[in-house]
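Listing of upload.cif; format and content: mmCIF, C-alpha atoms.
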data_target
loop_
_atom_site.label_atom_id
_atom_site.label_comp_id
_atom_site.auth_asym_id
_atom_site.auth_seq_id
_atom_site.Cartn_x
_atom_site.Cartn_y
_atom_site.Cartn_z
CA MET A 17 6.28 -38.24 -76.17
CA ALA A 18 2.93 -36.88 -75.04
CA ARG A 19 2.37 -36.55 -71.32
CA PRO A 20 -0.76 -38.14 -69.79
CA PRO A 21 -3.44 -35.74 -68.66
CA SER A 22 -3.16 -34.35 -65.15
CA ASN A 23 -6.41 -36.06 -64.14
CA PHE A 24 -5.15 -39.43 -65.36
CA ASN A 25 -5.92 -41.28 -62.10
CA ARG A 26 -9.26 -39.72 -61.24
CA PRO A 27 -12.33 -41.94 -61.00
CA GLY A 28 -14.39 -41.99 -64.15
CA TYR A 29 -17.73 -42.71 -62.43
CA CYS A 30 -19.09 -44.58 -59.48
CA ILE A 31 -21.71 -47.39 -59.21
CA ALA A 32 -23.18 -48.33 -55.83
CA GLY A 33 -20.09 -47.15 -54.00
CA VAL A 34 -17.65 -49.01 -56.32
CA ILE A 35 -15.16 -46.60 -57.91
CA CYS A 36 -14.42 -47.33 -61.56
CA TYR A 37 -11.29 -45.73 -63.04
CA ASN A 38 -10.96 -44.63 -66.66
CA ARG A 39 -8.59 -46.83 -68.62
CA PRO A 40 -5.33 -44.93 -69.34
CA ALA A 41 -4.85 -46.48 -72.79
CA GLU A 42 -8.28 -45.39 -73.85
CA ARG A 43 -7.72 -41.87 -72.54
CA MET A 44 -4.54 -41.64 -74.66
CA MET A 45 -6.12 -42.99 -77.88
CA PRO A 46 -7.28 -40.57 -80.55
CA GLU A 47 -11.00 -40.05 -80.83
CA SER A 48 -11.20 -41.93 -84.13
CA ALA A 49 -9.73 -45.11 -82.60
CA ARG A 50 -11.99 -45.26 -79.53
CA ALA A 51 -15.08 -47.42 -79.27
CA PRO A 52 -18.26 -45.32 -79.04
CA GLU A 53 -18.27 -44.19 -75.39
CA HIS A 54 -22.03 -44.35 -74.86
CA ILE A 55 -22.21 -48.01 -75.98
CA GLY A 56 -19.35 -49.23 -73.82
CA ARG A 57 -20.55 -47.39 -70.76
CA ARG A 58 -24.15 -48.52 -71.20
CA ARG A 59 -23.12 -52.15 -71.51
CA PHE A 60 -20.84 -51.81 -68.50
CA LEU A 61 -23.58 -50.23 -66.43
CA GLY A 62 -26.00 -52.97 -67.37
CA LEU A 63 -23.59 -55.77 -66.53
CA GLY A 64 -22.45 -54.08 -63.33
CA ALA A 65 -25.98 -53.50 -62.11
CA ALA A 66 -26.92 -57.11 -62.78
CA ALA A 67 -23.85 -58.39 -60.95
CA LEU A 68 -24.44 -56.13 -57.98
CA ALA A 69 -28.12 -56.99 -57.80
CA LEU A 70 -27.63 -60.73 -57.35
CA PRO A 71 -25.94 -60.70 -53.93
CA VAL A 72 -28.22 -57.91 -52.73
CA LEU A 73 -31.36 -59.78 -53.70
CA THR A 74 -29.97 -62.94 -52.12
CA ARG A 75 -29.35 -61.13 -48.86
CA LEU A 76 -32.80 -59.53 -48.91
CA SER A 77 -34.55 -62.85 -49.43
CA ALA A 78 -32.46 -64.49 -46.71
CA PHE A 79 -33.46 -61.86 -44.16
CA ALA A 80 -37.01 -61.22 -45.31
CA GLY A 81 -39.25 -60.35 -42.41
CA PRO A 82 -42.42 -62.14 -41.36
CA ALA A 83 -45.78 -61.57 -43.01
CA PRO A 84 -47.37 -58.18 -42.29
CA LEU A 85 -49.41 -58.00 -39.10
CA PRO A 86 -53.14 -57.31 -39.31
CA PRO A 87 -54.27 -53.88 -38.09
CA ASP A 88 -56.50 -55.48 -35.43
CA ARG A 89 -54.63 -57.80 -33.08
CA ASP A 90 -55.78 -59.63 -29.97
CA LEU A 91 -54.48 -62.16 -27.47
CA SER A 92 -55.92 -64.29 -24.71
CA PHE A 93 -54.08 -65.70 -21.72
CA TYR A 94 -54.62 -68.04 -18.81
CA ASN A 95 -52.19 -67.63 -15.92
CA THR A 96 -51.51 -71.15 -14.63
CA HIS A 97 -50.37 -69.84 -11.23
CA THR A 98 -53.12 -67.36 -10.40
CA GLY A 99 -56.01 -68.76 -12.42
CA GLU A 100 -56.62 -65.36 -14.03
CA THR A 101 -57.73 -65.02 -17.62
CA ALA A 102 -57.59 -62.11 -20.04
CA ALA A 103 -58.76 -61.61 -23.60
CA GLU A 104 -57.55 -58.31 -25.00
CA GLU A 105 -57.57 -56.57 -28.37
CA TYR A 106 -54.35 -54.69 -27.77
CA CYS A 107 -54.19 -53.12 -31.23
CA ARG A 108 -57.13 -51.59 -33.11
CA SER A 109 -56.85 -50.25 -36.65
CA GLY A 110 -53.08 -50.27 -36.28
CA CYS A 111 -53.13 -48.29 -33.02
CA LEU A 112 -52.04 -49.75 -29.70
CA ASP A 113 -54.63 -49.67 -26.92
CA GLY A 114 -53.12 -48.52 -23.61
CA PRO A 115 -55.73 -50.00 -21.21
CA SER A 116 -55.57 -53.39 -22.96
CA LEU A 117 -51.78 -53.39 -22.78
CA GLY A 118 -52.01 -52.55 -19.08
CA ARG A 119 -54.22 -55.57 -18.45
CA ILE A 120 -51.82 -57.79 -20.38
CA ASN A 121 -48.92 -56.44 -18.30
CA HIS A 122 -50.91 -57.31 -15.20
CA ILE A 123 -51.69 -60.92 -16.07
CA LEU A 124 -48.09 -61.49 -17.18
CA ARG A 125 -46.64 -60.00 -13.98
CA ASP A 126 -44.25 -61.80 -11.66
CA PHE A 127 -46.79 -63.77 -9.65
CA ARG A 128 -44.32 -64.36 -6.81
CA THR A 129 -43.60 -60.70 -6.07
CA GLY A 130 -46.54 -59.00 -7.76
CA GLU A 131 -44.14 -56.79 -9.70
CA ILE A 132 -45.44 -55.57 -13.05
CA LYS A 133 -43.33 -54.79 -16.09
CA THR A 134 -44.25 -53.39 -19.49
CA ILE A 135 -44.26 -56.31 -21.90
CA ASP A 136 -42.46 -55.69 -25.17
CA VAL A 137 -45.09 -55.22 -27.88
CA ARG A 138 -42.89 -57.19 -30.27
CA LEU A 139 -43.43 -60.21 -28.02
CA LEU A 140 -47.18 -59.69 -28.14
CA ASP A 141 -47.05 -59.42 -31.92
CA LEU A 142 -45.01 -62.62 -32.08
CA LEU A 143 -47.62 -64.40 -29.96
CA ASN A 144 -50.36 -63.03 -32.18
CA SER A 145 -48.56 -64.42 -35.23
CA LEU A 146 -48.12 -67.75 -33.44
CA ALA A 147 -51.81 -67.92 -32.55
CA ARG A 148 -52.80 -67.22 -36.14
CA LYS A 149 -50.27 -69.71 -37.52
CA THR A 150 -51.56 -72.52 -35.28
CA GLY A 151 -55.23 -71.56 -35.67
CA ALA A 152 -55.53 -71.36 -31.90
CA ASP A 153 -58.98 -70.66 -30.48
CA VAL A 154 -58.00 -71.11 -26.83
CA PRO A 155 -55.88 -68.90 -24.53
CA PHE A 156 -52.16 -69.32 -24.20
CA HIS A 157 -51.43 -71.00 -20.87
CA VAL A 158 -48.70 -68.91 -19.25
CA ILE A 159 -46.09 -70.55 -17.06
CA SER A 160 -43.81 -67.53 -16.84
CA GLY A 161 -44.10 -64.02 -18.25
CA TYR A 162 -42.22 -61.15 -16.66
CA ARG A 163 -39.73 -62.25 -14.02
CA SER A 164 -38.26 -59.89 -11.44
CA ARG A 165 -34.58 -59.95 -10.54
CA GLN A 166 -35.52 -61.36 -7.13
CA THR A 167 -37.44 -64.26 -8.66
CA ASN A 168 -34.79 -64.88 -11.28
CA ASP A 169 -32.05 -65.11 -8.65
CA PHE A 170 -34.24 -67.41 -6.54
CA LEU A 171 -34.79 -69.80 -9.45
CA ARG A 172 -31.10 -69.74 -10.31
CA SER A 173 -30.23 -70.67 -6.74
CA ARG A 174 -32.35 -73.77 -7.13
CA GLY A 175 -30.32 -74.88 -10.15
CA ARG A 176 -33.06 -74.70 -12.77
CA GLY A 177 -30.83 -73.60 -15.63
CA ILE A 178 -32.06 -70.02 -15.49
CA ALA A 179 -29.97 -67.43 -17.36
CA ALA A 180 -28.52 -64.64 -15.22
CA ASN A 181 -29.70 -62.05 -17.74
CA SER A 182 -32.85 -63.78 -18.86
CA LEU A 183 -35.05 -61.88 -21.32
CA HIS A 184 -37.90 -62.53 -18.88
CA LEU A 185 -36.33 -59.73 -16.82
CA GLU A 186 -37.00 -57.29 -19.64
CA GLY A 187 -40.52 -58.39 -20.51
CA ARG A 188 -39.22 -59.86 -23.76
CA ALA A 189 -39.81 -63.57 -23.10
CA ILE A 190 -42.64 -65.90 -22.11
CA ASP A 191 -43.08 -69.60 -21.35
CA ILE A 192 -46.31 -71.05 -22.73
CA ARG A 193 -48.29 -74.07 -23.79
CA LEU A 194 -51.41 -74.26 -25.94
CA PRO A 195 -54.09 -76.79 -24.92
CA GLY A 196 -55.20 -79.02 -27.76
CA LEU A 197 -51.93 -78.63 -29.66
CA ALA A 198 -49.00 -80.98 -29.24
CA LEU A 199 -46.06 -79.23 -27.65
CA ARG A 200 -43.77 -80.32 -30.48
CA ASP A 201 -46.12 -78.76 -33.04
CA LEU A 202 -46.27 -75.52 -31.06
CA TYR A 203 -42.48 -75.48 -30.95
CA ARG A 204 -42.16 -76.05 -34.69
CA SER A 205 -44.66 -73.31 -35.45
CA ALA A 206 -42.76 -70.87 -33.24
CA VAL A 207 -39.43 -71.78 -34.84
CA ALA A 208 -40.90 -71.26 -38.32
CA LEU A 209 -41.79 -67.65 -37.47
CA ARG A 210 -38.11 -66.82 -36.86
CA GLY A 211 -39.11 -64.03 -34.50
CA GLY A 212 -36.50 -64.73 -31.82
CA GLY A 213 -35.42 -67.53 -29.51
CA VAL A 214 -37.46 -70.70 -29.05
CA GLY A 215 -36.80 -73.36 -26.41
CA PHE A 216 -38.42 -76.79 -26.02
CA TYR A 217 -39.10 -78.14 -22.51
CA PRO A 218 -41.14 -81.34 -22.84
CA ASP A 219 -40.54 -82.44 -19.25
CA SER A 220 -42.15 -79.24 -17.96
CA ASP A 221 -44.70 -79.12 -20.80
CA PHE A 222 -43.98 -75.67 -22.18
CA ILE A 223 -41.99 -73.82 -24.82
CA HIS A 224 -40.07 -70.61 -24.34
CA VAL A 225 -40.35 -67.81 -26.91
CA ASP A 226 -38.60 -64.47 -26.87
CA VAL A 227 -37.77 -61.56 -29.15
CA GLY A 228 -34.02 -61.78 -28.78
CA ARG A 229 -31.77 -63.10 -31.52
CA VAL A 230 -33.03 -66.03 -33.57
CA ARG A 231 -31.88 -69.31 -32.00
CA THR A 232 -33.31 -72.65 -30.83
CA TRP A 233 -32.64 -75.17 -28.10
#

Rewrite the structure of this file - the entire thing - as structure tokens.
Amino acid sequence: MARPPSNFNRPGYCIAGVICYNRPAERMMPESARAPEHIGRRRFLGLGAAALALPVLTRLSAFAGPAPLPPDRDLSFYNTHTGETAAEEYCRSGCLDGPSLGRINHILRDFRTGEIKTIDVRLLDLLNSLARKTGADVPFHVISGYRSRQTNDFLRSRGRGIAANSLHLEGRAIDIRLPGLALRDLYRSAVALRGGGVGFYPDSDFIHVDVGRVRTW
């Protein structure tokens, strides 16, 4: 009886990380009894690629990112605590503008302590997308931008449901309203962007948006 080849159990070829082994019976058959190799392999490759593509495409569509941002991006704010306003084009021709970002950091500072923190540009881009989605032509009214640890601990001590590790501490969250737009509509528009967390606070007349994981409350 003929012995099987020494490489009997070696992989025949590999598709997208899936190892496909040669069939032993086929390896042992005489050449005249085998199906044409190029036809079987081609059909297998075609079917395998189609099968592998379906879940991949499904995952890609499920996690598709938001629409591309325009190269020129601006924002306007009104700080409800200090009365300050700012209208800044923070990105020009796809390049961030340092002085404009500095002025945004200033108006979004912790108004209680005066402490300034660099605001995450992803948050600014999310607000820019939100402004464009709602067709806003008025400034965002800011209730809370950056929040220092001192202020965060103070608010927590007063039992306001403040998270110990709030994203406000990192310059990655903001509480806003938009005059002329119903708060519920602003909330829905923010949720639709799927850019991070969105909270609805009708009693205090603001929504919370951040660039953490996608979630709502």

Measuring between only C-alpha atoms, which one of A:Thr101, A:Arg125, A:Leu143, A:Gly151 shows the shortest distance to A:Leu185?
A:Arg125

Assuming the chain letters and numbering stay as they are in my file, what does the PyMOL selection byres ((chain A and resi 204-213) around 8) actually select? List them as a PyMOL selection string.
chain A and resi 82+142+145-146+149-150+200-203+214-215+224-232

Starting from the displayed file, determine the output of the PyMOL selection byres ((chain A and resi 191-194) around 8) and express the residue list as a PyMOL selection string.
chain A and resi 152+154-161+189-190+195-199+202+221-225

With a distance cut-off of 10 Å and only C-alpha atoms, select the neighbouring residues of A:Glu186, excluding the residue or stretch itself and same-chain residues fewer than 3 positions from it, and output the selection as number ranges by chain.
A: 133-136, 161-165, 181-183, 189

Please write the residues from the selection above to a file, keeping C-alpha atoms, as a PDB file, keeping the file's coordinate frame.
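So the final result, stored in again.pdb, reads:
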ATOM      1  CA  LYS A 133     -43.330 -54.790 -16.090  1.00  0.00           C
ATOM      2  CA  THR A 134     -44.250 -53.390 -19.490  1.00  0.00           C
ATOM      3  CA  ILE A 135     -44.260 -56.310 -21.900  1.00  0.00           C
ATOM      4  CA  ASP A 136     -42.460 -55.690 -25.170  1.00  0.00           C
ATOM      5  CA  GLY A 161     -44.100 -64.020 -18.250  1.00  0.00           C
ATOM      6  CA  TYR A 162     -42.220 -61.150 -16.660  1.00  0.00           C
ATOM      7  CA  ARG A 163     -39.730 -62.250 -14.020  1.00  0.00           C
ATOM      8  CA  SER A 164     -38.260 -59.890 -11.440  1.00  0.00           C
ATOM      9  CA  ARG A 165     -34.580 -59.950 -10.540  1.00  0.00           C
ATOM     10  CA  ASN A 181     -29.700 -62.050 -17.740  1.00  0.00           C
ATOM     11  CA  SER A 182     -32.850 -63.780 -18.860  1.00  0.00           C
ATOM     12  CA  LEU A 183     -35.050 -61.880 -21.320  1.00  0.00           C
ATOM     13  CA  ALA A 189     -39.810 -63.570 -23.100  1.00  0.00           C
TER      14      ALA A 189
END

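Reported to one decimal place, the separation of atom CA of A:Phe170 from atom CA of A:His97 is 17.0 Å.
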
Could you work out how far atom CA of A:Leu91 lies from atom CA of A:Asn144, giving the answer in Å with one decimal?
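Atom CA of A:Asn144 sits 6.3 Å away from atom CA of A:Leu91.
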
Distance query A:Ile178 at most 10 Å, all atoms listed in the file, self and fewer than 5 positions along chain excluded, as JSON, numbers by chain
{"A": [168, 169, 170, 171, 172, 173]}

What lies within 7 Å of stretch 102-108 of chain A using all atoms listed in the file, ignoring chain neighbours under 4 positions off, as a PyMOL selection string?
chain A and resi 87-94+112-113+116-117
